[in-house]
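*Asks:* Next comes work-v9.cif, mmCIF, N, CA and C atoms:
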data_data
loop_
_atom_site.label_atom_id
_atom_site.label_comp_id
_atom_site.auth_asym_id
_atom_site.auth_seq_id
_atom_site.Cartn_x
_atom_site.Cartn_y
_atom_site.Cartn_z
N MET A 1 43.37 10.07 36.67
CA MET A 1 43.75 8.92 35.92
C MET A 1 45.16 8.53 36.34
N ALA A 2 45.32 7.27 36.64
CA ALA A 2 46.63 6.82 37.11
C ALA A 2 47.19 5.69 36.26
N ARG A 3 46.32 4.96 35.57
CA ARG A 3 46.76 3.81 34.78
C ARG A 3 46.13 3.90 33.40
N VAL A 4 46.96 3.64 32.39
CA VAL A 4 46.50 3.70 30.99
C VAL A 4 46.90 2.39 30.33
N TRP A 5 45.98 1.81 29.57
CA TRP A 5 46.27 0.61 28.80
C TRP A 5 46.53 1.03 27.37
N ALA A 6 47.54 0.44 26.74
CA ALA A 6 47.87 0.78 25.37
C ALA A 6 48.10 -0.50 24.57
N ASP A 7 47.96 -0.37 23.27
CA ASP A 7 48.18 -1.46 22.34
C ASP A 7 49.67 -1.80 22.27
N GLY A 8 49.99 -2.94 21.73
CA GLY A 8 51.37 -3.36 21.60
C GLY A 8 52.22 -2.46 20.72
N GLY A 9 51.59 -1.62 19.91
CA GLY A 9 52.32 -0.69 19.05
C GLY A 9 52.96 0.46 19.80
N TYR A 10 52.62 0.62 21.07
CA TYR A 10 53.14 1.73 21.87
C TYR A 10 54.28 1.31 22.79
N THR A 11 54.98 0.27 22.42
CA THR A 11 56.11 -0.15 23.25
C THR A 11 57.30 0.78 23.02
N GLY A 12 58.27 0.67 23.86
CA GLY A 12 59.47 1.50 23.70
C GLY A 12 59.61 2.48 24.85
N HIS A 13 60.07 3.67 24.53
CA HIS A 13 60.36 4.68 25.55
C HIS A 13 59.11 5.38 26.07
N LEU A 14 57.96 5.12 25.48
CA LEU A 14 56.73 5.80 25.90
C LEU A 14 56.37 5.44 27.34
N THR A 15 56.61 4.22 27.76
CA THR A 15 56.27 3.84 29.13
C THR A 15 57.10 4.63 30.14
N ASP A 16 58.40 4.78 29.87
CA ASP A 16 59.25 5.57 30.77
C ASP A 16 58.86 7.05 30.74
N TRP A 17 58.62 7.57 29.54
CA TRP A 17 58.26 8.98 29.38
C TRP A 17 56.96 9.31 30.10
N SER A 18 55.96 8.42 29.95
CA SER A 18 54.66 8.69 30.58
C SER A 18 54.76 8.67 32.11
N SER A 19 55.61 7.81 32.65
CA SER A 19 55.74 7.79 34.10
C SER A 19 56.54 8.99 34.62
N GLN A 20 57.55 9.41 33.88
CA GLN A 20 58.37 10.54 34.32
C GLN A 20 57.65 11.88 34.17
N HIS A 21 57.03 12.10 33.01
CA HIS A 21 56.46 13.41 32.71
C HIS A 21 54.99 13.55 33.07
N LEU A 22 54.25 12.46 33.02
CA LEU A 22 52.81 12.53 33.27
C LEU A 22 52.39 11.88 34.58
N GLY A 23 53.25 11.09 35.17
CA GLY A 23 52.91 10.39 36.40
C GLY A 23 51.90 9.28 36.18
N LEU A 24 51.88 8.69 34.98
CA LEU A 24 50.94 7.63 34.63
C LEU A 24 51.66 6.31 34.51
N VAL A 25 50.96 5.25 34.85
CA VAL A 25 51.47 3.91 34.63
C VAL A 25 50.88 3.44 33.31
N LEU A 26 51.74 3.13 32.35
CA LEU A 26 51.31 2.70 31.03
C LEU A 26 51.48 1.19 30.93
N ASP A 27 50.36 0.47 30.85
CA ASP A 27 50.40 -0.98 30.70
C ASP A 27 50.21 -1.32 29.23
N ILE A 28 51.14 -2.07 28.67
CA ILE A 28 51.06 -2.51 27.29
C ILE A 28 50.35 -3.85 27.25
N VAL A 29 49.25 -3.92 26.50
CA VAL A 29 48.48 -5.16 26.36
C VAL A 29 49.00 -5.85 25.11
N ARG A 30 49.61 -7.01 25.31
CA ARG A 30 50.21 -7.74 24.19
C ARG A 30 49.29 -8.84 23.69
N ARG A 31 49.42 -9.15 22.41
CA ARG A 31 48.68 -10.26 21.81
C ARG A 31 49.32 -11.58 22.19
N SER A 32 48.51 -12.61 22.26
CA SER A 32 49.04 -13.96 22.47
C SER A 32 49.69 -14.43 21.17
N GLU A 33 50.75 -15.16 21.30
CA GLU A 33 51.46 -15.66 20.12
C GLU A 33 50.67 -16.74 19.39
N ASP A 34 49.82 -17.48 20.11
CA ASP A 34 49.10 -18.59 19.50
C ASP A 34 47.78 -18.18 18.85
N VAL A 35 47.40 -16.92 18.90
CA VAL A 35 46.13 -16.46 18.34
C VAL A 35 46.33 -16.08 16.88
N ARG A 36 45.44 -16.58 16.03
CA ARG A 36 45.45 -16.22 14.61
C ARG A 36 44.26 -15.31 14.33
N GLY A 37 44.44 -14.33 13.46
CA GLY A 37 43.34 -13.44 13.10
C GLY A 37 43.10 -12.37 14.14
N PHE A 38 41.91 -11.78 14.09
CA PHE A 38 41.57 -10.68 14.99
C PHE A 38 41.01 -11.21 16.30
N GLN A 39 41.48 -10.64 17.39
CA GLN A 39 40.90 -10.90 18.69
C GLN A 39 41.01 -9.60 19.48
N ALA A 40 39.90 -9.14 20.02
CA ALA A 40 39.89 -7.89 20.78
C ALA A 40 40.71 -8.06 22.05
N PRO A 41 41.58 -7.10 22.35
CA PRO A 41 42.38 -7.20 23.57
C PRO A 41 41.50 -7.09 24.82
N PRO A 42 41.96 -7.59 25.97
CA PRO A 42 41.19 -7.47 27.20
C PRO A 42 40.94 -6.00 27.55
N ARG A 43 39.81 -5.72 28.13
CA ARG A 43 39.40 -4.38 28.58
C ARG A 43 39.19 -3.42 27.42
N ARG A 44 39.11 -3.92 26.20
CA ARG A 44 38.87 -3.05 25.05
C ARG A 44 37.48 -2.41 25.14
N TRP A 45 36.55 -3.11 25.76
CA TRP A 45 35.19 -2.60 25.88
C TRP A 45 35.15 -1.30 26.67
N VAL A 46 36.09 -1.10 27.60
CA VAL A 46 36.12 0.13 28.40
C VAL A 46 36.40 1.32 27.49
N VAL A 47 37.35 1.16 26.59
CA VAL A 47 37.69 2.23 25.66
C VAL A 47 36.55 2.49 24.70
N GLU A 48 35.98 1.43 24.13
CA GLU A 48 34.88 1.57 23.17
C GLU A 48 33.67 2.23 23.83
N ARG A 49 33.37 1.86 25.06
CA ARG A 49 32.24 2.46 25.77
C ARG A 49 32.48 3.95 26.01
N SER A 50 33.70 4.31 26.40
CA SER A 50 34.02 5.71 26.65
C SER A 50 33.92 6.54 25.37
N PHE A 51 34.42 6.00 24.26
CA PHE A 51 34.28 6.70 22.98
C PHE A 51 32.81 6.86 22.60
N ALA A 52 32.00 5.86 22.86
CA ALA A 52 30.57 5.94 22.55
C ALA A 52 29.91 7.04 23.37
N TRP A 53 30.27 7.16 24.64
CA TRP A 53 29.73 8.23 25.47
C TRP A 53 30.12 9.59 24.92
N LEU A 54 31.39 9.73 24.53
CA LEU A 54 31.86 11.01 24.02
C LEU A 54 31.20 11.38 22.69
N LEU A 55 31.00 10.39 21.83
CA LEU A 55 30.44 10.68 20.51
C LEU A 55 28.94 10.95 20.54
N ARG A 56 28.32 10.84 21.69
CA ARG A 56 26.92 11.27 21.80
C ARG A 56 26.83 12.79 21.75
N SER A 57 27.94 13.46 22.01
CA SER A 57 27.99 14.91 21.92
C SER A 57 28.17 15.32 20.46
N ARG A 58 27.33 16.20 19.97
CA ARG A 58 27.33 16.58 18.57
C ARG A 58 28.65 17.23 18.15
N HIS A 59 29.28 17.97 19.04
CA HIS A 59 30.52 18.66 18.71
C HIS A 59 31.68 17.70 18.48
N LEU A 60 31.59 16.51 19.04
CA LEU A 60 32.69 15.56 18.91
C LEU A 60 32.51 14.58 17.77
N VAL A 61 31.34 14.58 17.13
CA VAL A 61 31.12 13.68 16.02
C VAL A 61 31.96 14.10 14.82
N ARG A 62 32.05 15.39 14.59
CA ARG A 62 32.90 15.93 13.52
C ARG A 62 34.08 16.64 14.15
N ASP A 63 35.18 16.67 13.46
CA ASP A 63 36.40 17.28 13.99
C ASP A 63 36.52 18.70 13.46
N TYR A 64 35.82 19.64 14.10
CA TYR A 64 35.83 21.03 13.66
C TYR A 64 36.96 21.83 14.29
N GLU A 65 37.41 21.43 15.45
CA GLU A 65 38.39 22.23 16.18
C GLU A 65 39.79 22.06 15.59
N ARG A 66 40.54 23.15 15.59
CA ARG A 66 41.89 23.11 15.05
C ARG A 66 42.95 23.07 16.14
N HIS A 67 42.62 23.54 17.31
CA HIS A 67 43.59 23.60 18.40
C HIS A 67 43.31 22.50 19.41
N THR A 68 44.36 21.91 19.94
CA THR A 68 44.18 20.82 20.90
C THR A 68 43.54 21.31 22.19
N ASP A 69 43.77 22.58 22.56
CA ASP A 69 43.13 23.11 23.77
C ASP A 69 41.62 23.13 23.61
N THR A 70 41.15 23.50 22.42
CA THR A 70 39.71 23.53 22.16
C THR A 70 39.14 22.12 22.17
N ARG A 71 39.84 21.18 21.58
CA ARG A 71 39.38 19.79 21.58
C ARG A 71 39.28 19.25 23.00
N GLU A 72 40.28 19.54 23.80
CA GLU A 72 40.26 19.07 25.19
C GLU A 72 39.10 19.69 25.95
N ALA A 73 38.83 20.97 25.71
CA ALA A 73 37.71 21.64 26.39
C ALA A 73 36.38 21.02 25.99
N VAL A 74 36.21 20.66 24.72
CA VAL A 74 34.96 20.06 24.26
C VAL A 74 34.79 18.67 24.86
N ILE A 75 35.87 17.92 24.98
CA ILE A 75 35.79 16.59 25.61
C ILE A 75 35.41 16.73 27.07
N ARG A 76 36.03 17.68 27.76
CA ARG A 76 35.67 17.89 29.17
C ARG A 76 34.22 18.33 29.31
N TRP A 77 33.77 19.22 28.43
CA TRP A 77 32.39 19.70 28.46
C TRP A 77 31.42 18.54 28.24
N SER A 78 31.75 17.66 27.32
CA SER A 78 30.90 16.52 27.04
C SER A 78 30.81 15.58 28.24
N MET A 79 31.93 15.30 28.89
CA MET A 79 31.91 14.41 30.05
C MET A 79 31.22 15.06 31.25
N ILE A 80 31.37 16.37 31.40
CA ILE A 80 30.66 17.07 32.48
C ILE A 80 29.16 17.00 32.25
N ALA A 81 28.72 17.18 31.02
CA ALA A 81 27.29 17.08 30.71
C ALA A 81 26.78 15.67 30.99
N LEU A 82 27.57 14.66 30.63
CA LEU A 82 27.17 13.27 30.90
C LEU A 82 27.04 13.03 32.40
N MET A 83 28.01 13.47 33.18
CA MET A 83 27.96 13.26 34.62
C MET A 83 26.82 14.05 35.26
N ASN A 84 26.55 15.25 34.77
CA ASN A 84 25.41 16.02 35.29
C ASN A 84 24.10 15.30 35.05
N ARG A 85 23.93 14.72 33.85
CA ARG A 85 22.70 13.98 33.56
C ARG A 85 22.56 12.79 34.50
N ARG A 86 23.66 12.12 34.76
CA ARG A 86 23.60 10.95 35.64
C ARG A 86 23.33 11.34 37.09
N LEU A 87 23.94 12.42 37.53
CA LEU A 87 23.73 12.84 38.92
C LEU A 87 22.33 13.41 39.14
N ALA A 88 21.77 14.03 38.12
CA ALA A 88 20.45 14.64 38.27
C ALA A 88 19.31 13.66 38.02
N ALA A 89 19.63 12.47 37.53
CA ALA A 89 18.59 11.48 37.26
C ALA A 89 17.90 11.07 38.55
N ARG A 90 16.62 10.87 38.46
CA ARG A 90 15.87 10.45 39.65
C ARG A 90 16.16 8.99 39.94
N PRO A 91 16.39 8.65 41.19
CA PRO A 91 16.61 7.23 41.51
C PRO A 91 15.32 6.45 41.33
N ARG A 92 15.43 5.26 40.80
CA ARG A 92 14.25 4.42 40.58
C ARG A 92 13.85 3.74 41.88
N ARG A 93 12.54 3.72 42.12
CA ARG A 93 12.04 3.07 43.31
C ARG A 93 11.76 1.62 43.02
N PRO A 94 11.98 0.74 43.98
CA PRO A 94 11.64 -0.68 43.77
C PRO A 94 10.16 -0.85 43.49
N ALA A 95 9.76 -1.88 42.75
CA ALA A 95 8.38 -2.09 42.36
C ALA A 95 7.47 -2.27 43.56
N ALA A 96 7.95 -2.89 44.64
CA ALA A 96 7.14 -3.12 45.83
C ALA A 96 6.74 -1.79 46.49
N LEU A 97 7.63 -0.82 46.50
CA LEU A 97 7.33 0.47 47.09
C LEU A 97 6.46 1.34 46.19
N ALA A 98 6.61 1.18 44.89
CA ALA A 98 5.84 1.99 43.95
C ALA A 98 4.36 1.59 43.95
N ALA A 99 4.04 0.33 44.24
CA ALA A 99 2.66 -0.13 44.23
C ALA A 99 1.90 0.32 45.48
N GLY A 100 2.60 0.57 46.57
CA GLY A 100 1.97 0.85 47.85
C GLY A 100 1.66 2.26 48.04
#
Could you write out this file's structure as structure tokens?

*Replies:*
Amino acid sequence: MARVWADGGYTGHLTDWSSQHLGLVLDIVRRSEDVRGFQAPPRRWVVERSFAWLLRSRHLVRDYERHTDTREAVIRWSMIALMNRRLAARPRRPAALAAG
């Protein structure tokens, strides 16, 4: 991971700290001044989709872990399981080849 998008609430020294200590580029997504009410920020769907993938794992639906190391391990385990399912999936054949 090299680039992270954050809400406007994360402005300040966090951008400098993340680049110095983590080697990450932190982009702050700001709201437009002319927008009234709620509007989802750009690329919000990427975050929501990733959370949906993670919450398919039963261990991540409830917060049972007390240590951050355990939580990180469960998140990694969940993403590894997701990638294994995707890599092991059989490729679909085009309809023209399946009929012949």

*Asks:* How far is it from atom N of Arg76 of chain A to atom CA of Asp16 of chain A, in Å with one decimal?

*Replies:*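 Going from atom N of Arg76 of chain A over to atom CA of Asp16 of chain A, I get 26.4 Å.
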
*Asks:* Please check which residues have atoms at most 12 Å from (58.1, 0.6, 32.9) in the file's coordinates, counting only C-alpha atoms, and write them as a list in words.

*Replies:*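 Answer for this query, in the requested form: Arg3, Thr11, Gly12, His13, Leu14, Thr15, Asp16, Trp17, Ser18, Ser19, Gln20, Gly23, Leu24, Val25, Leu26, Asp27 and Ile28 of chain A.
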
*Asks:* Go through A:Thr68, A:Asn84, A:Ser78, A:Arg36 and flag the residue nearest Arg56 of chain A, using only N, CA and C atoms for the distances.

*Replies:*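 That would be A:Ser78, the residue with the smallest distance to Arg56 of chain A.
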
*Asks:* Would you please work out which residue, of A:Val47, A:Val4, A:Leu54, A:Val61, is nearest to Met79 of chain A when using only C-alpha atoms?

*Replies:*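 Ranked by minimum distance to Met79 of chain A, first place goes to A:Leu54.
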
*Asks:* One decimal, in Å: what's the spacing between atom CA of Arg85 of chain A and atom CA of His67 of chain A?

*Replies:*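 Between atom CA of Arg85 of chain A and atom CA of His67 of chain A the gap is 27.5 Å.
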
*Asks:* Report the distance between atom CA of Leu22 of chain A and atom C of Val74 of chain A in Å, rounded to one decimal place.

*Replies:*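 Taking atom CA of Leu22 of chain A and atom C of Val74 of chain A, their separation equals 20.8 Å.
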
*Asks:* Residues within 8 Å of Ile75 of chain A, please, as number ranges by chain. Count only N, CA and C atoms; anything in the same chain fewer than 4 positions from it doesn't count.

*Replies:* A: 54, 59-60, 69-71, 79-81

*Asks:* What box, with edges along x, y and z, holds each listed atom of segment 18-36 of chain A when 3 Å is added on every side, and can you state its centre and edge lengths in Å to one decimal, as AutoDock Vina command-line options?

*Replies:*
--center_x 51.3 --center_y -2.5 --center_z 25.4 --size_x 20.1 --size_y 38.1 --size_z 28.1

*Asks:* Apply DSSP to the structure's backbone, then extract all residues of chain A labelled alpha helix (DSSP H) and return them as a count of residues only.

*Replies:* 45

*Asks:* Would you list, as a PDB file with N, CA and C atoms, in the coordinates of the input, the residues of chain A that end up in strand (DSSP E) under DSSP run on this structure's backbone?

*Replies:*
ATOM      1  N   ARG A   3      46.320   4.960  35.570  1.00  0.00           N
ATOM      2  CA  ARG A   3      46.760   3.810  34.780  1.00  0.00           C
ATOM      3  C   ARG A   3      46.130   3.900  33.400  1.00  0.00           C
ATOM      4  N   VAL A   4      46.960   3.640  32.390  1.00  0.00           N
ATOM      5  CA  VAL A   4      46.500   3.700  30.990  1.00  0.00           C
ATOM      6  C   VAL A   4      46.900   2.390  30.330  1.00  0.00           C
ATOM      7  N   TRP A   5      45.980   1.810  29.570  1.00  0.00           N
ATOM      8  CA  TRP A   5      46.270   0.610  28.800  1.00  0.00           C
ATOM      9  C   TRP A   5      46.530   1.030  27.370  1.00  0.00           C
ATOM     10  N   ALA A   6      47.540   0.440  26.740  1.00  0.00           N
ATOM     11  CA  ALA A   6      47.870   0.780  25.370  1.00  0.00           C
ATOM     12  C   ALA A   6      48.100  -0.500  24.570  1.00  0.00           C
ATOM     13  N   VAL A  25      50.960   5.250  34.850  1.00  0.00           N
ATOM     14  CA  VAL A  25      51.470   3.910  34.630  1.00  0.00           C
ATOM     15  C   VAL A  25      50.880   3.440  33.310  1.00  0.00           C
ATOM     16  N   LEU A  26      51.740   3.130  32.350  1.00  0.00           N
ATOM     17  CA  LEU A  26      51.310   2.700  31.030  1.00  0.00           C
ATOM     18  C   LEU A  26      51.480   1.190  30.930  1.00  0.00           C
ATOM     19  N   ASP A  27      50.360   0.470  30.850  1.00  0.00           N
ATOM     20  CA  ASP A  27      50.400  -0.980  30.700  1.00  0.00           C
ATOM     21  C   ASP A  27      50.210  -1.320  29.230  1.00  0.00           C
ATOM     22  N   ILE A  28      51.140  -2.070  28.670  1.00  0.00           N
ATOM     23  CA  ILE A  28      51.060  -2.510  27.290  1.00  0.00           C
ATOM     24  C   ILE A  28      50.350  -3.850  27.250  1.00  0.00           C
TER      25      ILE A  28
END

*Asks:* Take the PyMOL selection byres (((chain A and resi 29-34 and name CA) around 10) and name CA), apply it to the structure above, and return the hits as a list in words.

*Replies:* Trp5, Ala6, Asp7, Gly8, Gly9, Tyr10, Thr11, Leu26, Asp27, Ile28, Val35, Arg36, Phe38, Gln39, Ala40, Pro41, Pro42, Arg43 and Arg44 of chain A
